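Visitor: Just model-v4.txt, nothing more (compact mmCIF, C-alpha atoms and all ligand atoms):
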# COMPACT_ATOMS: atom_id res chain seq x y z
CA MET A 29 -75.32 -61.15 -127.16
CA LYS A 30 -75.03 -64.88 -126.63
CA THR A 31 -78.02 -66.46 -124.89
CA TYR A 32 -77.78 -67.85 -121.38
CA GLN A 33 -80.96 -69.85 -121.73
CA ASN A 34 -79.08 -73.11 -122.35
CA LYS A 35 -81.07 -75.68 -120.42
CA ASP A 36 -78.44 -78.43 -120.56
CA ALA A 37 -75.64 -76.20 -119.35
CA ILE A 38 -77.82 -74.83 -116.55
CA GLU A 39 -78.85 -78.32 -115.42
CA THR A 40 -75.25 -79.58 -115.48
CA ALA A 41 -73.96 -76.67 -113.42
CA TYR A 42 -76.93 -77.02 -111.10
CA GLY A 43 -76.21 -80.70 -110.49
CA LEU A 44 -72.72 -79.80 -109.24
CA ALA A 45 -74.08 -76.96 -107.12
CA GLU A 46 -76.72 -79.21 -105.62
CA ALA A 47 -73.99 -81.57 -104.43
CA ALA A 48 -71.85 -78.73 -103.09
CA TYR A 49 -74.71 -77.38 -101.00
CA ALA A 50 -75.73 -80.86 -99.87
CA ASN A 51 -72.25 -81.12 -98.33
CA PHE A 52 -73.31 -78.27 -96.06
CA GLY A 53 -76.60 -80.01 -95.30
CA VAL A 54 -78.66 -77.70 -97.48
CA SER A 55 -81.23 -78.72 -100.10
CA THR A 56 -81.12 -76.47 -103.14
CA GLY A 57 -84.39 -77.89 -104.47
CA LYS A 58 -86.27 -76.95 -101.31
CA ALA A 59 -84.58 -73.55 -101.24
CA ILE A 60 -85.68 -72.72 -104.79
CA LYS A 61 -89.30 -73.60 -104.00
CA ALA A 62 -89.23 -71.63 -100.75
CA ALA A 63 -87.70 -68.55 -102.38
CA LEU A 64 -90.27 -68.54 -105.19
CA ALA A 65 -93.19 -68.75 -102.75
CA VAL A 66 -92.48 -65.50 -100.89
CA PRO A 67 -94.56 -62.63 -102.30
CA VAL A 68 -92.83 -59.42 -103.29
CA SER A 69 -94.99 -56.31 -103.49
CA VAL A 70 -93.87 -54.45 -106.60
CA HIS A 71 -94.44 -50.68 -106.32
CA CYS A 72 -96.48 -49.23 -109.15
CA TRP A 73 -94.77 -45.85 -108.85
CA GLN A 74 -91.48 -46.81 -110.55
CA GLY A 75 -93.57 -47.07 -113.72
CA ASP A 76 -94.42 -43.37 -113.92
CA ASP A 77 -91.92 -41.58 -111.65
CA VAL A 78 -94.47 -41.23 -108.80
CA THR A 79 -96.68 -38.98 -110.94
CA GLY A 80 -100.12 -40.55 -110.57
CA PHE A 81 -103.28 -39.97 -112.56
CA GLU A 82 -104.47 -36.67 -111.09
CA GLY A 83 -102.99 -34.71 -113.96
CA ALA A 84 -99.81 -33.71 -112.14
CA LYS A 85 -96.63 -33.08 -114.17
CA GLY A 86 -94.62 -35.10 -111.68
CA LEU A 87 -93.83 -35.66 -108.05
CA SER A 88 -93.81 -32.49 -105.99
CA GLY A 89 -93.17 -31.14 -102.55
CA GLY A 90 -92.38 -33.60 -99.89
CA GLY A 91 -89.14 -35.17 -98.91
CA ILE A 92 -88.73 -37.24 -102.07
CA LEU A 93 -87.80 -36.53 -105.66
CA ALA A 94 -87.76 -38.47 -108.93
CA THR A 95 -85.00 -37.28 -111.23
CA GLY A 96 -84.39 -38.11 -114.86
CA ASN A 97 -86.27 -37.90 -118.10
CA TYR A 98 -86.01 -41.30 -119.72
CA PRO A 99 -88.65 -41.59 -122.43
CA GLY A 100 -91.67 -43.84 -122.19
CA ARG A 101 -93.17 -43.47 -118.73
CA ALA A 102 -96.67 -44.89 -118.23
CA ARG A 103 -99.31 -42.15 -118.47
CA ASN A 104 -102.46 -43.98 -117.45
CA GLY A 105 -103.76 -47.16 -115.86
CA ASN A 106 -103.68 -49.22 -119.01
CA GLU A 107 -100.07 -48.33 -119.77
CA LEU A 108 -99.01 -48.89 -116.18
CA ARG A 109 -100.69 -52.29 -116.04
CA GLN A 110 -99.21 -53.25 -119.40
CA ASP A 111 -95.71 -52.29 -118.25
CA ALA A 112 -96.08 -54.02 -114.91
CA GLU A 113 -97.27 -57.23 -116.55
CA PHE A 114 -94.28 -57.11 -118.83
CA ALA A 115 -91.89 -56.67 -115.90
CA PHE A 116 -93.64 -59.47 -113.98
CA GLY A 117 -92.65 -61.84 -116.78
CA LEU A 118 -88.99 -61.07 -116.05
CA ILE A 119 -89.09 -61.26 -112.24
CA PRO A 120 -89.29 -64.78 -110.83
CA GLY A 121 -91.62 -65.76 -107.99
CA LYS A 122 -94.86 -64.55 -106.45
CA LYS A 123 -95.80 -60.92 -106.93
CA ARG A 124 -98.17 -58.37 -105.47
CA PHE A 125 -98.74 -54.83 -106.76
CA ASN A 126 -98.58 -51.75 -104.58
CA LEU A 127 -100.68 -48.68 -105.40
CA HIS A 128 -100.77 -45.13 -104.14
CA SER A 129 -104.11 -43.36 -103.79
CA PHE A 130 -103.37 -41.06 -106.72
CA TYR A 131 -103.50 -43.99 -109.10
CA ALA A 132 -107.29 -43.92 -108.76
CA GLU A 133 -109.12 -44.06 -112.08
CA THR A 134 -111.95 -41.59 -111.65
CA GLY A 135 -112.93 -40.86 -115.25
CA ASP A 136 -114.41 -37.38 -115.71
CA LYS A 137 -114.98 -36.92 -112.00
CA LYS A 138 -112.27 -35.33 -109.90
CA PRO A 139 -112.95 -36.39 -106.32
CA GLY A 140 -110.71 -34.94 -103.64
CA ARG A 141 -108.32 -37.41 -102.06
CA ASP A 142 -110.53 -37.27 -98.99
CA GLU A 143 -113.46 -38.44 -101.13
CA LEU A 144 -111.81 -41.46 -102.72
CA GLU A 145 -113.81 -44.67 -102.63
CA PRO A 146 -113.11 -48.31 -103.48
CA GLU A 147 -115.11 -47.87 -106.71
CA HIS A 148 -112.39 -45.53 -108.01
CA PHE A 149 -110.14 -48.60 -108.00
CA LYS A 150 -112.54 -51.05 -109.58
CA THR A 151 -110.41 -51.45 -112.70
CA TRP A 152 -107.39 -52.22 -110.53
CA MET A 153 -109.39 -54.73 -108.52
CA ALA A 154 -110.72 -56.48 -111.62
CA TRP A 155 -107.17 -56.66 -113.00
CA SER A 156 -105.92 -57.99 -109.67
CA ARG A 157 -108.49 -60.79 -109.71
CA LYS A 158 -107.87 -61.65 -113.33
CA LYS A 159 -104.09 -61.74 -113.00
CA LYS A 160 -104.14 -63.20 -109.48
CA ILE A 161 -101.92 -60.36 -108.30
CA PRO A 162 -102.98 -59.16 -104.83
CA LEU A 163 -102.85 -55.40 -104.22
CA ASP A 164 -101.41 -53.26 -101.44
CA PHE A 165 -102.12 -49.59 -100.82
CA ASN A 166 -100.72 -46.26 -99.66
CA PRO A 167 -102.47 -43.00 -98.87
CA SER A 168 -100.62 -40.21 -100.73
CA PHE A 169 -99.64 -37.34 -98.45
CA PHE A 170 -97.60 -35.43 -101.05
CA SER A 171 -97.84 -33.83 -104.50
CA HIS A 172 -100.85 -31.84 -103.31
CA PRO A 173 -101.47 -28.13 -102.56
CA LEU A 174 -102.62 -28.95 -99.02
CA ALA A 175 -99.35 -30.74 -98.27
CA ASP A 176 -97.14 -27.66 -98.45
CA GLU A 177 -97.16 -27.00 -94.71
CA GLY A 178 -97.33 -30.55 -93.47
CA THR A 179 -100.13 -33.10 -93.56
CA LEU A 180 -101.22 -35.10 -90.52
CA SER A 181 -99.01 -32.95 -88.31
CA SER A 182 -100.05 -29.65 -89.87
CA ALA A 183 -100.84 -26.79 -87.50
CA ASP A 184 -103.65 -25.77 -89.85
CA PRO A 185 -106.75 -27.66 -88.73
CA LYS A 186 -108.32 -27.46 -92.18
CA ALA A 187 -105.36 -29.18 -93.83
CA ARG A 188 -104.98 -31.67 -91.01
CA ARG A 189 -108.66 -32.64 -91.17
CA PHE A 190 -108.41 -33.11 -94.92
CA TRP A 191 -105.49 -35.51 -94.49
CA ILE A 192 -107.20 -37.39 -91.67
CA ARG A 193 -110.18 -37.94 -93.97
CA HIS A 194 -107.75 -39.12 -96.65
CA GLY A 195 -106.16 -41.54 -94.19
CA ILE A 196 -109.56 -43.01 -93.32
CA ALA A 197 -110.64 -43.23 -96.98
CA SER A 198 -107.41 -45.05 -97.78
CA ARG A 199 -107.92 -47.67 -95.10
CA ARG A 200 -111.40 -48.35 -96.49
CA ILE A 201 -109.97 -48.77 -99.98
CA ALA A 202 -107.29 -51.14 -98.73
CA ALA A 203 -109.98 -53.15 -96.93
CA ALA A 204 -111.93 -53.37 -100.21
CA PHE A 205 -108.76 -54.69 -101.89
CA GLY A 206 -108.45 -57.27 -99.14
CA ALA A 207 -112.06 -58.41 -99.57
CA ASN A 208 -111.57 -58.54 -103.34
CA GLN A 209 -108.43 -60.69 -103.13
CA GLY A 210 -109.39 -62.78 -100.11
CA SER A 211 -106.30 -61.77 -98.10
CA PRO A 212 -105.25 -58.60 -96.31
CA ALA A 213 -103.89 -55.63 -98.22
CA VAL A 214 -101.16 -53.68 -96.46
CA ASN A 215 -102.05 -50.01 -96.05
CA ASN A 216 -98.84 -48.09 -95.40
CA ILE A 217 -98.76 -44.56 -94.05
CA TRP A 218 -95.80 -42.41 -94.89
CA ILE A 219 -95.96 -38.64 -94.47
CA PRO A 220 -93.29 -36.17 -95.58
CA ASP A 221 -93.86 -33.71 -92.71
CA GLY A 222 -90.69 -32.17 -91.42
CA SER A 223 -88.46 -29.17 -91.52
CA LYS A 224 -85.55 -28.12 -93.72
CA ASP A 225 -83.95 -26.19 -90.90
CA LEU A 226 -83.79 -26.46 -87.15
CA PRO A 227 -87.26 -26.40 -85.65
CA ALA A 228 -87.90 -24.61 -82.39
CA ASP A 229 -90.64 -27.01 -81.43
CA ARG A 230 -90.18 -30.68 -82.20
CA LEU A 231 -92.94 -31.82 -79.90
CA ALA A 232 -96.14 -30.14 -81.09
CA PRO A 233 -96.11 -31.63 -84.61
CA ARG A 234 -95.50 -35.08 -83.15
CA GLN A 235 -98.37 -34.63 -80.74
CA ARG A 236 -100.63 -33.64 -83.64
CA LEU A 237 -99.46 -36.60 -85.70
CA LYS A 238 -100.20 -38.95 -82.83
CA ASP A 239 -103.72 -37.54 -82.42
CA ALA A 240 -104.36 -37.69 -86.17
CA LEU A 241 -103.27 -41.34 -86.32
CA ASP A 242 -105.56 -42.12 -83.40
CA GLU A 243 -108.47 -40.74 -85.40
CA ILE A 244 -107.53 -42.60 -88.56
CA LEU A 245 -107.16 -45.90 -86.72
CA ALA A 246 -110.34 -45.45 -84.68
CA LEU A 247 -112.28 -46.92 -87.60
CA LYS A 248 -112.35 -50.67 -86.94
CA LEU A 249 -111.85 -52.78 -90.04
CA ASP A 250 -111.67 -56.51 -90.55
CA PRO A 251 -108.02 -57.57 -90.00
CA ASP A 252 -108.54 -60.24 -92.65
CA THR A 253 -108.85 -57.46 -95.21
CA VAL A 254 -106.38 -54.78 -94.15
CA THR A 255 -103.14 -54.51 -92.21
CA ASP A 256 -101.91 -51.08 -91.13
CA ALA A 257 -98.25 -50.14 -91.42
CA MET A 258 -96.35 -46.94 -90.67
CA GLU A 259 -93.07 -45.84 -92.23
CA CYS A 260 -90.42 -43.94 -90.34
CA LYS A 261 -87.71 -41.74 -91.77
CA LEU A 262 -84.69 -39.87 -90.49
CA PHE A 263 -84.40 -37.13 -93.09
CA GLY A 264 -85.53 -36.30 -96.59
CA ILE A 265 -85.05 -33.72 -99.29
CA GLY A 266 -86.21 -30.48 -97.70
CA SER A 267 -86.61 -32.12 -94.31
CA GLU A 268 -82.97 -32.43 -93.40
CA ALA A 269 -83.25 -31.08 -89.88
CA TYR A 270 -86.39 -32.79 -88.68
CA VAL A 271 -88.87 -35.45 -89.70
CA VAL A 272 -92.01 -35.68 -87.58
CA GLY A 273 -92.56 -39.40 -88.19
CA SER A 274 -89.20 -40.65 -87.00
CA HIS A 275 -88.20 -44.21 -86.14
CA GLU A 276 -88.77 -43.74 -82.42
CA PHE A 277 -92.12 -42.11 -83.09
CA TYR A 278 -93.64 -44.98 -85.06
CA LEU A 279 -91.99 -47.71 -83.05
CA GLY A 280 -93.44 -46.10 -79.94
CA TYR A 281 -96.81 -45.67 -81.60
CA ALA A 282 -97.01 -49.28 -82.77
CA VAL A 283 -95.99 -50.64 -79.37
CA ALA A 284 -98.37 -48.38 -77.49
CA ASN A 285 -101.24 -49.46 -79.77
CA ARG A 286 -100.54 -53.16 -79.65
CA ALA A 287 -104.17 -54.14 -79.98
CA LYS A 288 -104.30 -52.45 -83.38
CA ARG A 289 -101.57 -54.73 -84.70
CA ILE A 290 -99.68 -52.03 -86.53
CA LYS A 291 -96.69 -53.13 -88.57
CA LEU A 292 -93.56 -51.06 -88.68
CA CYS A 293 -92.29 -50.15 -92.12
CA LEU A 294 -88.51 -50.02 -92.38
CA ASP A 295 -87.24 -48.49 -95.61
CA MET A 296 -83.59 -49.33 -96.29
CA GLY A 297 -82.91 -45.74 -97.33
CA HIS A 298 -84.44 -43.99 -94.31
CA PHE A 299 -81.63 -44.02 -91.80
CA HIS A 300 -78.18 -42.56 -91.41
CA PRO A 301 -76.28 -43.16 -94.64
CA THR A 302 -74.15 -45.87 -93.07
CA GLU A 303 -76.88 -47.34 -90.88
CA THR A 304 -78.45 -50.60 -92.04
CA ILE A 305 -81.77 -52.10 -91.00
CA ALA A 306 -80.69 -55.75 -90.76
CA ASP A 307 -79.96 -55.56 -87.05
CA LYS A 308 -83.26 -53.83 -86.29
CA ILE A 309 -85.46 -56.71 -87.45
CA SER A 310 -84.95 -59.11 -84.54
CA ALA A 311 -85.29 -56.25 -82.07
CA VAL A 312 -88.54 -54.78 -83.34
CA LEU A 313 -90.18 -58.14 -84.10
CA LEU A 314 -90.22 -58.82 -80.37
CA PHE A 315 -92.59 -55.91 -79.95
CA VAL A 316 -94.58 -55.35 -83.17
CA PRO A 317 -96.66 -57.91 -85.07
CA GLY A 318 -94.75 -57.58 -88.32
CA VAL A 319 -92.38 -55.53 -90.40
CA LEU A 320 -92.95 -54.16 -93.88
CA ILE A 321 -89.61 -53.70 -95.60
CA HIS A 322 -89.15 -51.18 -98.36
CA PHE A 323 -86.28 -52.57 -100.38
CA SER A 324 -84.49 -49.55 -101.70
CA ARG A 325 -81.00 -48.11 -101.87
CA GLY A 326 -79.92 -44.90 -100.26
CA LEU A 327 -77.21 -43.09 -102.19
CA ARG A 328 -75.92 -39.93 -100.54
CA TRP A 329 -78.97 -37.69 -100.09
CA ASP A 330 -81.40 -39.88 -101.99
CA SER A 331 -83.19 -42.78 -100.33
CA ASP A 332 -84.74 -44.19 -103.49
CA HIS A 333 -82.20 -45.59 -105.93
CA ALA A 334 -83.11 -48.96 -107.47
CA ALA A 335 -82.47 -51.87 -105.12
CA ILE A 336 -79.50 -54.03 -106.09
CA TYR A 337 -77.97 -57.26 -104.81
CA SER A 338 -75.77 -55.40 -102.36
CA ASP A 339 -74.21 -56.60 -99.12
CA ASP A 340 -76.72 -54.44 -97.33
CA LEU A 341 -79.74 -56.02 -98.99
CA ARG A 342 -78.34 -59.53 -98.65
CA GLU A 343 -77.79 -59.01 -94.94
CA VAL A 344 -81.43 -57.95 -94.52
CA CYS A 345 -82.62 -61.15 -96.20
CA ARG A 346 -80.18 -63.31 -94.24
CA GLU A 347 -81.44 -61.85 -90.99
CA ILE A 348 -85.05 -62.63 -91.90
CA PHE A 349 -84.44 -66.24 -92.87
CA ARG A 350 -82.03 -66.90 -90.01
CA GLN A 351 -84.86 -66.06 -87.66
CA GLN A 352 -87.37 -67.85 -89.90
CA ALA A 353 -89.34 -64.62 -89.65
CA GLN A 354 -90.42 -64.52 -93.31
CA GLY A 355 -94.06 -65.08 -92.29
CA ARG A 356 -94.03 -61.77 -90.41
CA ILE A 357 -92.27 -59.77 -93.07
CA ASP A 358 -93.87 -58.02 -96.04
CA PHE A 359 -91.30 -57.70 -98.81
CA ALA A 360 -91.93 -54.57 -100.89
CA LEU A 361 -89.97 -52.56 -103.41
CA ASP A 362 -89.65 -48.79 -103.13
CA PHE A 363 -87.46 -46.83 -105.52
CA PHE A 364 -87.97 -44.54 -108.47
CA ASP A 365 -85.34 -43.83 -111.04
CA ALA A 366 -86.63 -41.77 -113.96
CA SER A 367 -83.24 -41.73 -115.68
CA ILE A 368 -83.25 -45.36 -116.84
CA ASN A 369 -85.69 -47.68 -118.57
CA ARG A 370 -88.36 -48.12 -115.89
CA ILE A 371 -89.12 -51.73 -116.72
CA ALA A 372 -85.43 -52.50 -116.29
CA ALA A 373 -85.43 -50.69 -112.94
CA TRP A 374 -88.32 -52.85 -111.72
CA THR A 375 -86.63 -55.98 -113.05
CA ILE A 376 -83.25 -55.24 -111.49
CA GLY A 377 -84.87 -54.53 -108.13
CA GLY A 378 -87.26 -57.47 -108.26
CA ARG A 379 -84.61 -59.96 -109.32
CA SER A 380 -82.15 -58.68 -106.71
CA ILE A 381 -84.59 -59.30 -103.84
CA ARG A 382 -85.43 -62.81 -105.05
CA LYS A 383 -81.74 -63.55 -105.48
CA ALA A 384 -80.95 -62.36 -101.97
CA MET A 385 -83.83 -64.43 -100.57
CA LEU A 386 -82.55 -67.55 -102.30
CA GLU A 387 -79.04 -66.95 -101.01
CA ALA A 388 -80.36 -66.42 -97.50
CA ILE A 389 -82.44 -69.59 -97.59
CA LEU A 390 -79.38 -71.55 -98.77
CA GLU A 391 -77.30 -70.47 -95.80
CA PRO A 392 -76.23 -73.51 -93.71
CA ARG A 393 -78.06 -72.08 -90.69
CA LYS A 394 -77.98 -75.29 -88.71
CA LEU A 395 -74.20 -75.61 -88.92
CA LEU A 396 -73.69 -71.97 -87.97
CA VAL A 397 -75.94 -72.22 -84.95
CA GLU A 398 -74.37 -75.51 -83.85
CA ALA A 399 -70.92 -73.96 -84.01
CA GLU A 400 -72.14 -70.88 -82.15
CA ASN A 401 -73.88 -72.84 -79.41
CA ALA A 402 -70.83 -75.03 -78.91
CA GLY A 403 -68.61 -71.98 -78.53
CA ARG A 404 -66.69 -72.75 -81.74
CA ARG A 405 -66.68 -69.17 -82.92
CA HIS A 406 -63.77 -69.73 -85.31
CA GLU A 407 -65.88 -72.39 -87.04
CA ARG A 408 -68.89 -70.10 -87.26
CA LEU A 409 -66.80 -67.45 -88.99
CA ALA A 410 -65.02 -69.99 -91.20
CA LEU A 411 -68.32 -71.47 -92.39
CA MET A 412 -69.70 -68.03 -93.17
CA GLU A 413 -66.61 -67.40 -95.28
CA GLU A 414 -66.69 -70.77 -97.07
CA TYR A 415 -70.37 -70.39 -97.81
CA LYS A 416 -69.75 -67.16 -99.66
CA THR A 417 -67.99 -68.96 -102.52
CA LEU A 418 -70.35 -71.88 -103.00
CA PRO A 419 -71.66 -72.07 -106.58
CA PHE A 420 -74.68 -69.88 -105.92
CA ALA A 421 -75.01 -68.58 -109.48
CA ALA A 422 -75.91 -72.07 -110.73
CA VAL A 423 -78.77 -72.32 -108.23
CA TRP A 424 -80.03 -68.86 -109.15
CA ASP A 425 -80.02 -69.74 -112.85
CA LYS A 426 -81.96 -72.89 -112.09
CA LEU A 427 -84.50 -70.87 -110.11
CA CYS A 428 -85.03 -68.59 -113.12
CA LEU A 429 -85.36 -71.59 -115.41
CA ASP A 430 -87.90 -73.25 -113.10
CA ALA A 431 -89.85 -69.99 -112.78
CA GLY A 432 -89.99 -69.54 -116.55
CA VAL A 433 -88.19 -66.18 -116.60
CA PRO A 434 -85.09 -65.33 -118.65
CA VAL A 435 -81.76 -66.57 -117.30
CA GLY A 436 -78.87 -64.14 -116.69
CA PRO A 437 -78.86 -60.98 -118.78
CA ASP A 438 -81.23 -62.59 -121.30
CA TRP A 439 -84.04 -60.40 -119.94
CA LEU A 440 -82.40 -57.34 -121.50
CA ALA A 441 -83.30 -58.35 -125.05
CA PRO A 442 -87.10 -58.43 -124.53
CA VAL A 443 -86.86 -55.14 -122.64
CA GLY A 444 -85.11 -53.67 -125.67
CA VAL A 445 -87.86 -54.89 -127.98
CA TYR A 446 -90.56 -53.55 -125.66
CA GLU A 447 -88.82 -50.20 -125.53
CA LYS A 448 -88.78 -49.94 -129.32
CA THR A 449 -92.27 -51.25 -129.97
CA VAL A 450 -94.24 -49.90 -126.99
CA LEU A 451 -92.42 -47.25 -124.95
CA ALA A 452 -91.07 -45.34 -127.93
CA MET A 453 -94.65 -44.76 -129.16
CA ARG A 454 -95.52 -42.74 -126.05
CA LYS A 455 -94.81 -39.23 -127.21
C1 LIG B 501 -90.59 -41.92 -98.93
C2 LIG B 501 -91.06 -43.27 -98.57
C3 LIG B 501 -92.33 -43.74 -99.24
C4 LIG B 501 -92.39 -43.35 -100.68
C5 LIG B 501 -93.53 -43.95 -101.46
C6 LIG B 501 -93.76 -43.26 -102.75
O1 LIG B 501 -89.38 -41.61 -98.43
O2 LIG B 501 -90.04 -44.19 -98.76
O3 LIG B 501 -92.46 -45.10 -99.05
O4 LIG B 501 -91.21 -43.65 -101.34
O5 LIG B 501 -94.66 -44.02 -100.70
ZN ZN B 502 -90.44 -46.24 -98.53
Can you dump the structure from the file as structure tokens?
Ligand code: RNT
Ligand code: ZN
Guide:
Amino acid sequence: MKTYQNKDAIETAYGLAEAAYANFGVSTGKAIKAALAVPVSVHCWQGDDVTGFEGAKGLSGGGILATGNYPGRARNGNELRQDAEFAFGLIPGKKRFNLHSFYAETGDKKPGRDELEPEHFKTWMAWSRKKKIPLDFNPSFFSHPLADEGTLSSADPKARRFWIRHGIASRRIAAAFGANQGSPAVNNIWIPDGSKDLPADRLAPRQRLKDALDEILALKLDPDTVTDAMECKLFGIGSEAYVVGSHEFYLGYAVANRAKRIKLCLDMGHFHPTETIADKISAVLLFVPGVLIHFSRGLRWDSDHAAIYSDDLREVCREIFRQQAQGRIDFALDFFDASINRIAAWTIGGRSIRKAMLEAILEPRKLLVEAENAGRRHERLALMEEYKTLPFAAVWDKLCLDAGVPVGPDWLAPVGVYEKTVLAMRK
């Protein structure tokens, strides 16, 4: 394939684009810098199909499923870190890395999830410091024998207590990450609890979940080290009729517990198949301190296809930058496709978010708002239409060039080499 990394051609096209955007009062140079500065939390679990290091064969039991059998998944911490570092070199801009509790490296010891400690993540923390990649965290309430009949909402007190202890242990680990990196780690709670078929009692599990969360959050931690987030969902695989932790549940919980500064996690794949989250952002930000977004792509029954530069995703980014709310948003990836090269999946998702951010930042917001405030609605719509065909690709290429990552499809070649020389050896 011909290379796209032609500096002169990119600079020439960029010069024309810069002038075109300047006509709309927008600085492409500033936009590139601003887009590169926003951190994106890359999810570790695309690298190994959400398997973890506990010796599991794969993801099991709980509202989500990784399908596919593409060769070369990471089987341990070193492989996962190696793969992630490789992908980071292809994704422009600031990155974080998001772990689940079952990526603990515990050596010969096999602590229960309720016994996990920061020291089980010391290799991750050392890597994080060395690479200057801050970490985020997630307790893992699935792929576990005690998760079969629910977790934090379980009617079995033994199981519920176990998961409450896990929730507390996870917050402590996230706080240790925060202390290690000198900035808060996001600790996001998602539980799969729900019912495949129509429940007779929708209330009792929600009451138990509320009480369990109260216990988990009772432990006061330094807000400079950890931020709590909670992720709602409408339905999942095997929980089609009922999900305990619904949107209304967590929104209500976060608002009722204002002092605890809980962020709401909105996953793009967790709503009705035609429902998008873009319009929710301005509404919930009036009432919760921040929103963690899981950039994902729902496709029919699955909520976790690789994120792409879709209208849906672009609208989410536009909404954020129109409100200048980026400081209150945590951008995170959440998808797992085991049927394609996993490094490519990360790269496609990571590049698509950065691309959508850049496009959103380039929007001639001022002109749109002026037209709106003056009642010139035809002009508002016309500008939105004209803006769509500005030479955006040239600005995106320039961003990649400035960030030192491959331009256009040039990133495919190194992925191909890595597949042959590294991934293919994992048999
Ligand atoms: C599941 C949630 C959750 C998980 C990860 C693995 O529907 O989206 O965020 O995907 O925690
Ligand atoms: Zn999610």
Visitor: Work out how far apart atom CA of A:Trp152 and atom CA of A:Arg199 are and give it in Å to one decimal.
Guide: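 We find that atom CA of A:Trp152 and atom CA of A:Arg199 lie 16.1 Å from each other.
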Visitor: Rounded to one decimal place, report the atom CA of A:Arg103-atom CA of A:Thr449 distance in Å.
Guide: 16.3 Å
Visitor: Using all atoms listed in the file, which residues of the polymer chains come no farther than 10 Å from ligand LIG 501 (chain B)? I'd like the answer as an MDAnalysis selection string.
Guide: chainID A and resid 71:74 77:79 87 90:94 126:129 165:170 216:220 258:265 293:298 321:324 330:332 360:364
Visitor: Calculate how many Å separate atom CA of A:Pro120 from atom CA of A:Arg379, rounding to one decimal.
Guide: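 Computing the Euclidean distance for atom CA of A:Pro120 and atom CA of A:Arg379 yields 6.9 Å.
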Visitor: Counting all atoms listed in the file, figure out which residue out of A:Gly195, A:Pro146, A:Gly140, A:Gly178 gets nearest to A:Ala207.
Guide: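 Comparing A:Gly195, A:Pro146, A:Gly140, A:Gly178 against A:Ala207, the winner is A:Pro146.
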Visitor: Using all atoms listed in the file for the distances, tell me which of A:Leu314, A:Leu292, A:Cys428, A:Ala366 is nearest to ligand ZN 502 (chain B).
Guide: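 Smallest separation from ligand ZN 502 (chain B) among the options: A:Leu292.
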Visitor: In terms of the shortest atom-to-atom distance over only C-alpha atoms, which of A:Gln209, A:Ala62, A:Glu387, A:Ile161 is closest to A:Pro419?
Guide: A:Glu387
Visitor: Of the candidates A:Ser55, A:Arg200, A:Ile119, A:Asp256, which shows the shortest atom-to-atom distance to A:Leu429, using all atoms listed in the file?
Guide: A:Ile119
Visitor: Nearest to A:Ala240 among A:Lys288, A:His275, A:Arg193, A:His148, with distances taken over only C-alpha atoms: which residue is it?
Guide: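 The answer is A:Arg193, which sits nearest to A:Ala240.
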Visitor: Considering all atoms listed in the file, can you say which of A:Arg286, A:His333, A:Arg189, A:Lys308 comes closest to ligand ZN 502 (chain B)?
Guide: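 Closest to ligand ZN 502 (chain B), using all atoms listed in the file: A:His333.
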Visitor: Would you mind listing what lies within 12 Å of A:Ala452 as an MDAnalysis selection string, with only C-alpha atoms counted and same-chain residues fewer than 2 positions away left out?
Guide: chainID A and resid 98:102 369 443:450 454:455
Visitor: Residues near stretch 35-52 of chain A, anyone? I mean within 8 Å using only C-alpha atoms, not counting same-chain ones fewer than 6 positions away, as a VMD selection string.
Guide: chain A and resid 390 392 395 418 to 420 422 to 423 425 to 426 429
Visitor: If we count all atoms listed in the file and set the cut-off at 8 Å, which residues sit around A:Tyr131, ignoring sequence neighbours fewer than 6 positions away in its own chain? Please answer as a PyMOL selection string.
Guide: chain A and resi 80-82+105
Visitor: Let me have the centre and edge lengths in Å, one decimal, of the box along x, y and z around every listed atom of stretch 382-389 of chain A with 6 Å of margin on each side, as AutoDock Vina command-line options.
Guide:
--center_x -82.2 --center_y -66.0 --center_z -101.5 --size_x 18.4 --size_y 19.2 --size_z 20.0
Visitor: How would stretch 172-178 of chain A of the given structure read as a file with N, CA and C atoms, as a CSV table (one decimal), in the first residue's frame?
Guide:
chain,number,residue,atom,x,y,z
A,172,HIS,N,-17.3,-15.2,38.0
A,172,HIS,CA,-16.9,-15.7,39.3
A,172,HIS,C,-18.1,-16.6,39.8
A,173,PRO,N,-17.8,-17.7,40.5
A,173,PRO,CA,-18.8,-18.6,41.0
A,173,PRO,C,-19.9,-17.9,41.9
A,174,LEU,N,-19.4,-16.9,42.6
A,174,LEU,CA,-20.4,-16.2,43.5
A,174,LEU,C,-21.3,-15.2,42.8
A,175,ALA,N,-21.1,-15.1,41.5
A,175,ALA,CA,-21.9,-14.1,40.8
A,175,ALA,C,-23.1,-14.7,40.0
A,176,ASP,N,-23.2,-16.0,40.2
A,176,ASP,CA,-24.3,-16.6,39.4
A,176,ASP,C,-25.7,-16.2,39.8
A,177,GLU,N,-25.9,-15.8,41.0
A,177,GLU,CA,-27.3,-15.4,41.4
A,177,GLU,C,-27.3,-13.9,41.9
A,178,GLY,N,-26.5,-13.1,41.1
A,178,GLY,CA,-26.4,-11.7,41.5
A,178,GLY,C,-25.3,-11.4,42.4
